[in-house]
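K.L.:
The file below is start.pdb, PDB, C-alpha atoms:
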```pdb
ATOM      1  CA  MET P 381     -11.836 -23.306  -0.050
ATOM      2  CA  THR P 382      -9.867 -20.384  -1.498
ATOM      3  CA  ARG P 383      -7.059 -18.636   0.342
ATOM      4  CA  PHE P 384      -9.319 -15.557   0.783
ATOM      5  CA  ASP P 385     -12.060 -17.709   2.378
ATOM      6  CA  HIS P 386      -9.494 -19.256   4.707
ATOM      7  CA  VAL P 387      -8.206 -15.810   5.791
ATOM      8  CA  MET P 388     -11.739 -14.530   6.376
ATOM      9  CA  ARG P 389     -12.700 -17.611   8.417
ATOM     10  CA  THR P 390      -9.549 -17.298  10.540
ATOM     11  CA  ALA P 391     -10.248 -13.603  11.155
ATOM     12  CA  ALA P 392     -13.829 -14.376  12.201
ATOM     13  CA  VAL P 393     -12.685 -17.095  14.624
ATOM     14  CA  CYS P 394     -10.118 -14.694  16.134
ATOM     15  CA  ALA P 395     -12.715 -11.972  16.557
ATOM     16  CA  VAL P 396     -15.206 -14.280  18.281
ATOM     17  CA  THR P 397     -12.494 -15.709  20.517
ATOM     18  CA  LEU P 398     -11.325 -12.209  21.489
ATOM     19  CA  PHE P 399     -14.887 -11.147  22.302
ATOM     20  CA  LEU P 400     -15.460 -14.205  24.493
ATOM     21  CA  VAL P 401     -12.154 -13.814  26.332
ATOM     22  CA  ALA P 402     -12.271 -10.053  26.805
ATOM     23  CA  PRO P 403     -15.717  -8.546  26.173
ATOM     24  CA  PRO P 404     -15.822  -4.843  25.299
ATOM     25  CA  ALA P 405     -16.054  -2.357  28.154
ATOM     26  CA  ALA P 406     -19.723  -1.665  27.328
ATOM     27  CA  ALA P 407     -20.517  -5.376  27.691
ATOM     28  CA  GLN P 408     -18.828  -5.313  31.099
ATOM     29  CA  GLY P 409     -21.192  -2.554  32.254
ATOM     30  CA  LYS P 410     -18.563   0.178  31.919
ATOM     31  CA  GLU P 411     -18.844   3.339  29.904
ATOM     32  CA  LEU P 412     -16.369   3.628  27.073
ATOM     33  CA  ALA P 413     -15.543   7.271  27.761
ATOM     34  CA  SER P 414     -15.782   7.217  31.535
ATOM     35  CA  THR P 415     -13.591   9.388  33.672
ATOM     36  CA  PRO P 416     -11.661   8.034  36.618
ATOM     37  CA  PRO P 417     -13.089   8.688  40.092
ATOM     38  CA  ALA P 418     -12.294  12.132  41.440
ATOM     39  CA  GLN P 419     -10.081  10.787  44.202
ATOM     40  CA  SER P 420      -7.805   9.063  41.668
ATOM     41  CA  ILE P 421      -7.190  12.222  39.600
ATOM     42  CA  ALA P 422      -3.878  13.755  40.604
ATOM     43  CA  LYS P 423      -3.934  17.512  41.040
ATOM     44  CA  LYS P 424      -1.983  18.646  38.000
ATOM     45  CA  ALA P 425      -0.802  22.124  37.227
ATOM     46  CA  HIS P 426      -2.927  23.856  34.609
ATOM     47  CA  ARG P 427      -1.101  26.030  32.081
ATOM     48  CA  LEU P 428      -2.694  28.736  29.943
ATOM     49  CA  VAL P 429      -1.189  31.064  27.351
ATOM     50  CA  LEU P 430      -3.239  34.119  26.379
ATOM     51  CA  GLN P 431      -2.305  35.889  23.154
ATOM     52  CA  VAL P 432      -2.752  39.651  22.819
ATOM     53  CA  ASN P 433      -2.033  41.089  19.367
ATOM     54  CA  SER P 434      -4.485  43.990  19.373
ATOM     55  CA  SER P 435      -4.000  47.535  20.624
ATOM     56  CA  GLU P 436      -7.684  47.731  21.608
ATOM     57  CA  PRO P 437      -8.052  48.419  25.355
ATOM     58  CA  ALA P 438     -11.177  46.234  25.441
ATOM     59  CA  MET P 439      -9.156  43.246  24.159
ATOM     60  CA  MET P 440      -6.416  43.889  26.703
ATOM     61  CA  ASN P 441      -8.950  44.077  29.527
ATOM     62  CA  LEU P 442     -10.617  40.896  28.300
ATOM     63  CA  ALA P 443      -7.262  39.079  28.408
ATOM     64  CA  LEU P 444      -6.654  40.351  31.944
ATOM     65  CA  ASN P 445     -10.171  39.309  32.974
ATOM     66  CA  ASN P 446      -9.583  35.841  31.490
ATOM     67  CA  ALA P 447      -6.276  35.511  33.332
ATOM     68  CA  THR P 448      -7.637  36.565  36.713
ATOM     69  CA  ASN P 449     -10.820  34.489  36.350
ATOM     70  CA  VAL P 450      -8.884  31.332  35.454
ATOM     71  CA  GLU P 451      -6.423  31.918  38.295
ATOM     72  CA  GLN P 452      -9.262  32.402  40.803
ATOM     73  CA  TYR P 453     -11.138  29.331  39.539
ATOM     74  CA  TYR P 454      -8.207  26.994  40.100
ATOM     75  CA  LYS P 455      -7.217  28.694  43.336
ATOM     76  CA  ASN P 456     -10.728  27.950  44.656
ATOM     77  CA  LEU P 457     -10.243  24.288  43.691
ATOM     78  CA  GLY P 458      -6.867  24.190  45.421
ATOM     79  CA  GLU P 459      -5.134  23.479  42.121
ATOM     80  CA  LYS P 460      -2.074  25.104  40.631
ATOM     81  CA  VAL P 461      -2.247  27.217  37.509
ATOM     82  CA  GLU P 462       0.368  29.016  35.450
ATOM     83  CA  ILE P 463      -0.718  31.756  33.050
ATOM     84  CA  GLU P 464       1.321  33.698  30.503
ATOM     85  CA  VAL P 465      -0.028  36.708  28.668
ATOM     86  CA  VAL P 466       2.047  36.984  25.489
ATOM     87  CA  THR P 467       1.911  40.223  23.497
ATOM     88  CA  PHE P 468       3.140  40.948  19.994
ATOM     89  CA  GLY P 469       2.344  43.246  17.081
ATOM     90  CA  PRO P 470      -0.047  46.031  18.091
ATOM     91  CA  GLY P 471      -0.690  44.084  21.300
ATOM     92  CA  LEU P 472       2.713  45.181  22.602
ATOM     93  CA  HIS P 473       1.043  48.470  23.566
ATOM     94  CA  MET P 474      -0.421  46.516  26.469
ATOM     95  CA  LEU P 475       3.066  46.222  27.975
ATOM     96  CA  ARG P 476       4.524  49.516  26.782
ATOM     97  CA  ASP P 477       5.153  51.799  29.731
ATOM     98  CA  ASP P 478       4.453  54.887  27.622
ATOM     99  CA  THR P 479       1.230  53.748  25.888
ATOM    100  CA  SER P 480      -0.403  51.001  27.952
ATOM    101  CA  PRO P 481      -4.020  51.734  28.885
ATOM    102  CA  VAL P 482      -3.908  48.861  31.402
ATOM    103  CA  LYS P 483      -0.523  49.259  33.101
ATOM    104  CA  ASP P 484      -2.067  49.948  36.518
ATOM    105  CA  ARG P 485      -4.086  46.724  36.290
ATOM    106  CA  ILE P 486      -1.004  44.795  35.198
ATOM    107  CA  LYS P 487       0.936  46.073  38.209
ATOM    108  CA  ALA P 488      -1.903  45.176  40.580
ATOM    109  CA  ILE P 489      -2.275  41.690  39.080
ATOM    110  CA  ALA P 490       1.479  41.012  39.106
ATOM    111  CA  ASP P 491       1.774  42.183  42.716
ATOM    112  CA  LYS P 492      -1.118  39.978  43.858
ATOM    113  CA  THR P 493      -0.823  36.956  41.584
ATOM    114  CA  PRO P 494       2.642  35.540  40.815
ATOM    115  CA  SER P 495       1.100  32.730  38.728
ATOM    116  CA  ILE P 496       0.258  35.290  36.004
ATOM    117  CA  SER P 497       3.187  36.585  33.965
ATOM    118  CA  PHE P 498       3.527  38.951  31.026
ATOM    119  CA  LYS P 499       5.747  38.453  27.975
ATOM    120  CA  ALA P 500       6.624  41.098  25.390
ATOM    121  CA  CYS P 501       7.801  40.345  21.844
ATOM    122  CA  GLY P 502      11.340  41.565  21.218
ATOM    123  CA  ASN P 503      10.826  41.572  17.436
ATOM    124  CA  THR P 504       7.868  43.924  17.806
ATOM    125  CA  GLN P 505       9.783  46.133  20.226
ATOM    126  CA  ASP P 506      12.667  46.370  17.726
ATOM    127  CA  ASN P 507      10.299  47.228  14.859
ATOM    128  CA  MET P 508       8.541  49.896  16.952
ATOM    129  CA  HIS P 509      11.946  51.315  17.914
ATOM    130  CA  LYS P 510      12.864  51.639  14.219
ATOM    131  CA  ALA P 511       9.489  53.097  13.229
ATOM    132  CA  GLU P 512       9.328  55.614  16.088
ATOM    133  CA  ASN P 513      13.092  56.297  16.266
ATOM    134  CA  LYS P 514      13.065  56.043  20.068
ATOM    135  CA  ASP P 515      13.428  53.492  22.827
ATOM    136  CA  ILE P 516      10.277  51.501  23.564
ATOM    137  CA  PRO P 517      10.007  51.191  27.350
ATOM    138  CA  LEU P 518       8.177  48.216  28.854
ATOM    139  CA  VAL P 519       6.317  48.047  32.148
ATOM    140  CA  ALA P 520       8.418  46.587  34.959
ATOM    141  CA  GLN P 521       6.225  43.465  35.101
ATOM    142  CA  ALA P 522       7.014  42.462  31.487
ATOM    143  CA  THR P 523       9.659  39.962  30.472
ATOM    144  CA  LEU P 524      11.100  40.302  26.984
ATOM    145  CA  VAL P 525      11.090  37.233  24.718
ATOM    146  CA  LYS P 526      12.748  37.139  21.292
ATOM    147  CA  SER P 527       9.505  36.380  19.456
ATOM    148  CA  GLY P 528       5.991  36.442  20.860
ATOM    149  CA  VAL P 529       4.659  34.107  18.186
ATOM    150  CA  VAL P 530       7.460  31.614  18.783
ATOM    151  CA  ARG P 531       6.788  31.806  22.534
ATOM    152  CA  VAL P 532       3.119  30.912  21.962
ATOM    153  CA  MET P 533       4.139  28.041  19.662
ATOM    154  CA  GLU P 534       6.667  26.648  22.135
ATOM    155  CA  LEU P 535       4.191  26.750  25.001
ATOM    156  CA  GLN P 536       1.579  24.952  22.886
ATOM    157  CA  GLU P 537       4.163  22.318  21.956
ATOM    158  CA  GLN P 538       4.717  21.797  25.704
ATOM    159  CA  GLY P 539       0.998  21.183  26.216
ATOM    160  CA  TRP P 540      -0.159  24.639  27.304
ATOM    161  CA  THR P 541      -3.753  25.599  26.512
ATOM    162  CA  TYR P 542      -3.951  28.473  24.018
ATOM    163  CA  VAL P 543      -6.640  31.140  24.132
ATOM    164  CA  ARG P 544      -6.969  34.273  22.055
ATOM    165  CA  PRO P 545      -9.494  36.526  23.806
TER     166      PRO P 545
END
```
Could you write out this file's structure as structure tokens?
P.N.:
Amino acid sequence: MTRFDHVMRTAAVCAVTLFLVAPPAAAQGKELASTPPAQSIAKKAHRLVLQVNSSEPAMMNLALNNATNVEQYYKNLGEKVEIEVVTFGPGLHMLRDDTSPVKDRIKAIADKTPSISFKACGNTQDNMHKAENKDIPLVAQATLVKSGVVRVMELQEQGWTYVRP
């Protein structure tokens, strides 16, 4: 018997022994991709980041619809959710006090739903300031972050779900 034959025979014996000692889940009558019973699932906080990088009012409204729908869904389930709407590039117009077509909706949402927050890209604000040669005011509900893209990346790295409406 060659060394290769010996190794193959040993591997086969190990595999058969393992199967006899611990049969696969399917052989035990269990599904391989089963989910735990509902009562054993801990209620975890859901976290969603929505990116807005378009100045189109329809895109802004879609992002706001997504945010409020997700918040309501988990509220109905009695589960916590945290949602950040992050704007950068042309999407900063969503949070600009002087140009936002949705600022009244943002105020209403922020007043009613503290689990939804709004982040504005500081890099974009600086670039708009230079291009327009004036201050770029943000709505009161916006929080300035250094970089909108970096904010999205960091949230994803922390396990947040990313959606671009």
K.L.:
Name all residues at most 8 Å from P:Val519 (count all atoms listed in the file; drop same-chain ones fewer than 2 positions away) and give them as number ranges by chain.
P.N.:
P: 475-477, 483, 517, 521-522
K.L.:
Using only C-alpha atoms, can you tell me which of P:Ala500, P:Leu442, P:Val482, P:Ala488 comes closest to P:Lys526?
P.N.:
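Checking each candidate against P:Lys526, we get P:Ala500 as the closest.
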K.L.:
Take the PyMOL selection byres ((chain P and resi 529-541) around 9), apply it to the structure above, and return the hits as number ranges by chain.
P.N.:
P: 426-431, 466-468, 499, 501, 525-528, 542-543
K.L.:
Put those residues in a file: C-alpha atoms, as a PDB file, in the coordinates of the input.
P.N.:
```pdb
ATOM      1  CA  HIS P 426      -2.927  23.856  34.609  1.00  0.00           C
ATOM      2  CA  ARG P 427      -1.101  26.030  32.081  1.00  0.00           C
ATOM      3  CA  LEU P 428      -2.694  28.736  29.943  1.00  0.00           C
ATOM      4  CA  VAL P 429      -1.189  31.064  27.351  1.00  0.00           C
ATOM      5  CA  LEU P 430      -3.239  34.119  26.379  1.00  0.00           C
ATOM      6  CA  GLN P 431      -2.305  35.889  23.154  1.00  0.00           C
ATOM      7  CA  VAL P 466       2.047  36.984  25.489  1.00  0.00           C
ATOM      8  CA  THR P 467       1.911  40.223  23.497  1.00  0.00           C
ATOM      9  CA  PHE P 468       3.140  40.948  19.994  1.00  0.00           C
ATOM     10  CA  LYS P 499       5.747  38.453  27.975  1.00  0.00           C
ATOM     11  CA  CYS P 501       7.801  40.345  21.844  1.00  0.00           C
ATOM     12  CA  VAL P 525      11.090  37.233  24.718  1.00  0.00           C
ATOM     13  CA  LYS P 526      12.748  37.139  21.292  1.00  0.00           C
ATOM     14  CA  SER P 527       9.505  36.380  19.456  1.00  0.00           C
ATOM     15  CA  GLY P 528       5.991  36.442  20.860  1.00  0.00           C
ATOM     16  CA  TYR P 542      -3.951  28.473  24.018  1.00  0.00           C
ATOM     17  CA  VAL P 543      -6.640  31.140  24.132  1.00  0.00           C
TER      18      VAL P 543
END
```
K.L.:
What does the PyMOL selection byres ((chain P and resi 440) around 10) select in this file, as a ChimeraX atom specification?
P.N.:
/P:431-439,441-446,465,467,471,473-475,480-482,545
K.L.:
Atom CA of P:Arg544 and atom CA of P:Asn507 are how many Å apart?
P.N.:
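Separation of atom CA of P:Arg544 and atom CA of P:Asn507: 22.8 Å.
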K.L.:
Let me have the centre and edge lengths in Å, one decimal, of the box along x, y and z around every listed atom of stretch 468-473 of chain P with 8 Å of margin on each side, as lines of an AutoDock Vina configuration file.
P.N.:
```
center_x = 1.2
center_y = 44.7
center_z = 20.3
size_x = 19.8
size_y = 23.5
size_z = 22.5
```
